[in-house]
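Novice: I have a structure here, written as structure tokens, and I will follow up with some questions on it.
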Amino acid sequence: DTAVSQTPKYLVTQMGNDKSIKCEQNLGHDTMYWYKQDSKKFLKIMFSYNNKELIINETVPNRFSPKSPDKAHLNLHINSLELGDSAVYFCASSQELSSGRNEQFFGPGTRLTVL
Amino acid sequence: AQSVAQPEDQVNVAEGNPLTVKCTYSVSGNPYLFWYVQYPNRGLQFLLKYITGDNLVKGSYGFEAEFNKSQTSFHLKKPSALVSDSALYFCAVRDTSGTYKYIFGTGTRLKVLA
């Protein structure tokens with residue numbers, strides 16, 4: 001059973017298009033994240049939701065809009081795609097309430113290529 | 001500002017030799033520290049963490065890390081490296097201001113030579 005899944009795995013699209021990436025976790029976690037990993041492998045937090053509430057919103061262009069319909073899902077919609085959006089996007093989840101855990105579980109990534 | 005640094009872009013080690021991947025951090029308050037590993041074309045996998053307690057933390061695949069408060073370090077170690085340990089390793093610190101934010105280092109590529 002896949003703990004954190006993302007679709008699609010690969011996304012190739014033209015500049016100016018709008019696209020979405022979906023993420024689902026079956027771990028029962030209360031917090032989910034979107035990260036961007038660039039070509040140098042730097043990992044940058046973009047957004048985080050805790051119990052469907054946006055709690056982290058880093059300096060990200062407003063072309064990026066996350067949506068969390070429920071605790072198990074966090075989607076990322078990107079409008080007017082630009083060349084610089086090409087990267088690997090990772091979804092992650094963690095359980096932040098007590099338990100002493102907090103380690104994050106990552107999805108397999110979505111490789112976005114903007115032409 | 002809270003931060004984590006991995007001073008080495010790449011570490012090369014011969015198979016069977018001990019390995020160390022370095023990490024230093026800067027946080028206010030007590031740190032939550034993590035190590036993750038990323039294999040090619042995969043997501044990050046959790047290796048181990050320090051929250052409190054024993055300074056030597058044992059994790060997956062024979063890895064361990066030593067928390068050193070005076071040196072603000074959390075170096076990853078393994079007594080005997082395997083070729084299959086070759087991967088990208090990330091150190092991370094949890095923001096202690098209550099934002100649930102994790103700050104990742106820039107990653108260290110470990111290459112274990114046969």
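Chain labels follow the order of the structure tokens: the first chain is A, the next B, and so on; residue numbering restarts at 1 in every chain, and ligands are counted from 1 in their shown order.
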For region 37-111 of chain A versus region 3-14 of chain A, which residues have an atom no more than 9 Å away, and what is each residue's nearest atom pair and distance in Å rounded to one decimal, using only C-alpha atoms, chain-then-number order, as JSON lines?

Specialist:
```
{"residue": "A:Leu81", "atom": "CA", "partner": "A:Gln14", "partner_atom": "CA", "distance": 7.4}
{"residue": "A:Glu82", "atom": "CA", "partner": "A:Gln14", "partner_atom": "CA", "distance": 8.3}
{"residue": "A:Leu83", "atom": "CA", "partner": "A:Gln14", "partner_atom": "CA", "distance": 8.7}
{"residue": "A:Phe90", "atom": "CA", "partner": "A:Gln6", "partner_atom": "CA", "distance": 8.1}
{"residue": "A:Cys91", "atom": "CA", "partner": "A:Gln6", "partner_atom": "CA", "distance": 7.2}
{"residue": "A:Ala92", "atom": "CA", "partner": "A:Val4", "partner_atom": "CA", "distance": 7.0}
{"residue": "A:Ser93", "atom": "CA", "partner": "A:Val4", "partner_atom": "CA", "distance": 7.5}
{"residue": "A:Phe105", "atom": "CA", "partner": "A:Val4", "partner_atom": "CA", "distance": 6.9}
{"residue": "A:Phe106", "atom": "CA", "partner": "A:Val4", "partner_atom": "CA", "distance": 6.2}
{"residue": "A:Gly107", "atom": "CA", "partner": "A:Val4", "partner_atom": "CA", "distance": 4.7}
{"residue": "A:Pro108", "atom": "CA", "partner": "A:Gln6", "partner_atom": "CA", "distance": 6.7}
{"residue": "A:Gly109", "atom": "CA", "partner": "A:Lys9", "partner_atom": "CA", "distance": 6.4}
{"residue": "A:Thr110", "atom": "CA", "partner": "A:Lys9", "partner_atom": "CA", "distance": 4.5}
{"residue": "A:Arg111", "atom": "CA", "partner": "A:Tyr10", "partner_atom": "CA", "distance": 4.8}
```

Novice: Do me a favour and pick out the residues of chain B within 9 Å of chain A, using only C-alpha atoms, as a PyMOL selection string.

Specialist: chain B and resi 34+41-46+48-49+51+88+94+99-107

Novice: Could the residues in this selection be written to a file with N, CA, C and O atoms, as an mmCIF file, in the first residue's frame?

Specialist:
```
data_model
loop_
_atom_site.group_PDB
_atom_site.id
_atom_site.type_symbol
_atom_site.label_atom_id
_atom_site.label_comp_id
_atom_site.auth_asym_id
_atom_site.auth_seq_id
_atom_site.Cartn_x
_atom_site.Cartn_y
_atom_site.Cartn_z
ATOM 1 N N PHE B 34 16.449 15.890 11.906
ATOM 2 C CA PHE B 34 16.099 14.727 11.080
ATOM 3 C C PHE B 34 17.159 14.498 10.015
ATOM 4 O O PHE B 34 17.807 15.428 9.547
ATOM 5 N N ASN B 41 15.490 9.530 -8.572
ATOM 6 C CA ASN B 41 14.107 9.501 -9.053
ATOM 7 C C ASN B 41 13.116 8.984 -8.000
ATOM 8 O O ASN B 41 12.091 8.385 -8.350
ATOM 9 N N ARG B 42 13.433 9.208 -6.730
ATOM 10 C CA ARG B 42 12.540 8.786 -5.658
ATOM 11 C C ARG B 42 12.292 9.956 -4.724
ATOM 12 O O ARG B 42 13.011 10.962 -4.721
ATOM 13 N N GLY B 43 11.276 9.801 -3.896
ATOM 14 C CA GLY B 43 11.039 10.775 -2.840
ATOM 15 C C GLY B 43 11.998 10.563 -1.683
ATOM 16 O O GLY B 43 12.713 9.571 -1.623
ATOM 17 N N LEU B 44 11.993 11.500 -0.755
ATOM 18 C CA LEU B 44 12.854 11.380 0.413
ATOM 19 C C LEU B 44 12.304 10.321 1.359
ATOM 20 O O LEU B 44 11.093 10.174 1.517
ATOM 21 N N GLN B 45 13.244 9.596 2.000
ATOM 22 C CA GLN B 45 12.856 8.602 2.998
ATOM 23 C C GLN B 45 13.458 8.964 4.332
ATOM 24 O O GLN B 45 14.638 9.315 4.409
ATOM 25 N N PHE B 46 12.669 8.865 5.365
ATOM 26 C CA PHE B 46 13.126 9.164 6.717
ATOM 27 C C PHE B 46 14.139 8.125 7.176
ATOM 28 O O PHE B 46 13.939 6.922 7.001
ATOM 29 N N LEU B 48 16.287 8.862 10.437
ATOM 30 C CA LEU B 48 16.312 8.931 11.894
ATOM 31 C C LEU B 48 16.038 10.350 12.339
ATOM 32 O O LEU B 48 16.045 11.272 11.531
ATOM 33 N N LYS B 49 15.808 10.489 13.643
ATOM 34 C CA LYS B 49 15.533 11.813 14.180
ATOM 35 C C LYS B 49 16.037 11.916 15.611
ATOM 36 O O LYS B 49 16.187 10.909 16.303
ATOM 37 N N ILE B 51 14.820 14.050 18.969
ATOM 38 C CA ILE B 51 13.840 14.956 19.579
ATOM 39 C C ILE B 51 14.331 15.317 20.987
ATOM 40 O O ILE B 51 14.436 16.475 21.356
ATOM 41 N N LEU B 88 21.590 10.714 -2.058
ATOM 42 C CA LEU B 88 21.617 12.109 -1.613
ATOM 43 C C LEU B 88 21.015 12.164 -0.213
ATOM 44 O O LEU B 88 19.921 11.634 0.008
ATOM 45 N N ARG B 94 13.342 21.085 12.457
ATOM 46 C CA ARG B 94 11.961 21.541 12.559
ATOM 47 C C ARG B 94 11.953 22.919 13.203
ATOM 48 O O ARG B 94 12.570 23.130 14.245
ATOM 49 N N THR B 99 5.329 26.610 13.701
ATOM 50 C CA THR B 99 4.731 26.711 12.364
ATOM 51 C C THR B 99 4.660 25.381 11.638
ATOM 52 O O THR B 99 4.133 25.336 10.538
ATOM 53 N N TYR B 100 5.181 24.312 12.210
ATOM 54 C CA TYR B 100 5.255 22.998 11.555
ATOM 55 C C TYR B 100 6.200 23.017 10.355
ATOM 56 O O TYR B 100 6.165 22.120 9.533
ATOM 57 N N LYS B 101 7.010 24.032 10.234
ATOM 58 C CA LYS B 101 7.870 24.152 9.067
ATOM 59 C C LYS B 101 9.167 23.381 9.288
ATOM 60 O O LYS B 101 9.752 23.437 10.371
ATOM 61 N N TYR B 102 9.595 22.671 8.247
ATOM 62 C CA TYR B 102 10.860 21.953 8.277
ATOM 63 C C TYR B 102 11.822 22.675 7.341
ATOM 64 O O TYR B 102 11.472 23.001 6.208
ATOM 65 N N ILE B 103 13.032 22.883 7.831
ATOM 66 C CA ILE B 103 14.050 23.550 7.027
ATOM 67 C C ILE B 103 15.081 22.506 6.646
ATOM 68 O O ILE B 103 15.672 21.850 7.513
ATOM 69 N N PHE B 104 15.287 22.343 5.338
ATOM 70 C CA PHE B 104 16.189 21.317 4.843
ATOM 71 C C PHE B 104 17.541 21.913 4.473
ATOM 72 O O PHE B 104 17.622 23.049 3.994
ATOM 73 N N GLY B 105 18.583 21.139 4.695
ATOM 74 C CA GLY B 105 19.899 21.498 4.194
ATOM 75 C C GLY B 105 19.947 21.330 2.686
ATOM 76 O O GLY B 105 18.984 20.879 2.061
ATOM 77 N N THR B 106 21.089 21.668 2.122
ATOM 78 C CA THR B 106 21.238 21.649 0.667
ATOM 79 C C THR B 106 21.550 20.260 0.128
ATOM 80 O O THR B 106 21.620 20.070 -1.079
ATOM 81 N N GLY B 107 21.716 19.302 1.018
ATOM 82 C CA GLY B 107 21.957 17.930 0.588
ATOM 83 C C GLY B 107 23.432 17.622 0.404
ATOM 84 O O GLY B 107 24.228 18.477 0.002
#
```

Novice: Can you tell me, as an MDAnalysis selection string, what residues are no more than 9 Å from Asp70 (chain A) when counting only C-alpha atoms, ignoring any on the same chain fewer than 4 positions away?

Specialist: chainID A and resid 51:52 74

Novice: As a ChimeraX atom specification, list the residues of chain B assigned to helix (DSSP H, G or I) by DSSP on the backbone atoms of this structure.

Specialist: /B:60-62,83-85

Novice: Grab the residues selected above and save them as a PDB file, in the first residue's frame with all heavy atoms.

Specialist:
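Output file selection-v6.pdb follows:
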```
ATOM      1  N   SER B  60      17.438   3.736  10.449  1.00  0.00           N
ATOM      2  CA  SER B  60      17.289   2.672   9.456  1.00  0.00           C
ATOM      3  C   SER B  60      18.609   2.366   8.775  1.00  0.00           C
ATOM      4  O   SER B  60      19.490   3.215   8.697  1.00  0.00           O
ATOM      5  CB  SER B  60      16.264   3.085   8.403  1.00  0.00           C
ATOM      6  OG  SER B  60      15.059   3.502   8.980  1.00  0.00           O
ATOM      7  N   TYR B  61      18.704   1.129   8.217  1.00  0.00           N
ATOM      8  CA  TYR B  61      19.812   0.701   7.365  1.00  0.00           C
ATOM      9  C   TYR B  61      21.179   0.811   8.047  1.00  0.00           C
ATOM     10  O   TYR B  61      22.190   0.975   7.384  1.00  0.00           O
ATOM     11  CB  TYR B  61      19.840   1.501   6.049  1.00  0.00           C
ATOM     12  CG  TYR B  61      18.502   1.614   5.357  1.00  0.00           C
ATOM     13  CD1 TYR B  61      17.937   2.854   5.087  1.00  0.00           C
ATOM     14  CD2 TYR B  61      17.784   0.475   4.990  1.00  0.00           C
ATOM     15  CE1 TYR B  61      16.704   2.958   4.477  1.00  0.00           C
ATOM     16  CE2 TYR B  61      16.557   0.572   4.376  1.00  0.00           C
ATOM     17  CZ  TYR B  61      16.021   1.815   4.121  1.00  0.00           C
ATOM     18  OH  TYR B  61      14.797   1.919   3.505  1.00  0.00           O
ATOM     19  N   GLY B  62      21.227   0.757   9.369  1.00  0.00           N
ATOM     20  CA  GLY B  62      22.482   0.787  10.098  1.00  0.00           C
ATOM     21  C   GLY B  62      23.048   2.172  10.334  1.00  0.00           C
ATOM     22  O   GLY B  62      24.166   2.318  10.845  1.00  0.00           O
ATOM     23  N   VAL B  83      27.949   0.005  -1.011  1.00  0.00           N
ATOM     24  CA  VAL B  83      27.747   0.684  -2.304  1.00  0.00           C
ATOM     25  C   VAL B  83      26.295   1.144  -2.418  1.00  0.00           C
ATOM     26  O   VAL B  83      26.013   2.227  -2.947  1.00  0.00           O
ATOM     27  CB  VAL B  83      28.130  -0.250  -3.466  1.00  0.00           C
ATOM     28  CG1 VAL B  83      27.718   0.356  -4.802  1.00  0.00           C
ATOM     29  CG2 VAL B  83      29.627  -0.543  -3.451  1.00  0.00           C
ATOM     30  N   SER B  84      25.383   0.365  -1.876  1.00  0.00           N
ATOM     31  CA  SER B  84      23.957   0.713  -1.959  1.00  0.00           C
ATOM     32  C   SER B  84      23.589   1.922  -1.092  1.00  0.00           C
ATOM     33  O   SER B  84      22.466   2.423  -1.186  1.00  0.00           O
ATOM     34  CB  SER B  84      23.101  -0.488  -1.549  1.00  0.00           C
ATOM     35  OG  SER B  84      23.445  -0.922  -0.253  1.00  0.00           O
ATOM     36  N   ASP B  85      24.506   2.394  -0.265  1.00  0.00           N
ATOM     37  CA  ASP B  85      24.251   3.612   0.509  1.00  0.00           C
ATOM     38  C   ASP B  85      24.426   4.873  -0.332  1.00  0.00           C
ATOM     39  O   ASP B  85      24.082   5.972   0.114  1.00  0.00           O
ATOM     40  CB  ASP B  85      25.205   3.701   1.716  1.00  0.00           C
ATOM     41  CG  ASP B  85      24.942   2.639   2.759  1.00  0.00           C
ATOM     42  OD1 ASP B  85      23.773   2.209   2.897  1.00  0.00           O
ATOM     43  OD2 ASP B  85      25.908   2.224   3.432  1.00  0.00           O
TER      44      ASP B  85
END
```

Novice: Give me, as a ChimeraX atom specification, the residues of chain B that a backbone DSSP run labels strand (DSSP E).

Specialist: /B:3-5,10-14,19-21,24-26,32-38,44-50,56-58,64-68,73-78,87-94,102-104,108-113

Novice: So how many Å separate CA of Lys58 (chain B) and CA of Ala81 (chain B), to one decimal?

Specialist: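 Those two atoms sit 15.3 Å apart.
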
Novice: Find the residues around Trp35 (chain B) up to 6 Å (only C-alpha atoms counted), leave out those fewer than 4 positions away in its own chain, and share them as a count of residues only.

Specialist: 4

Novice: What is the CA of Lys36 (chain A)-CA of Val57 (chain B) distance in Å, reported with one decimal?

Specialist: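 Answer for the CA of Lys36 (chain A) to CA of Val57 (chain B) separation: 28.6 Å.
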
Novice: Considering only C-alpha atoms, can you say which of B:Ser97, B:Ala92, B:Thr108, B:Leu82 comes closest to Gly16 (chain B)?

Specialist: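 Using only C-alpha atoms, Gly16 (chain B) sits closest to B:Leu82.
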
Novice: For Ser80 (chain B), find every residue with an atom within 8 Å (counting only C-alpha atoms), except residues of its own chain fewer than 3 positions away, and show them as a ChimeraX atom specification.

Specialist: /B:15-19
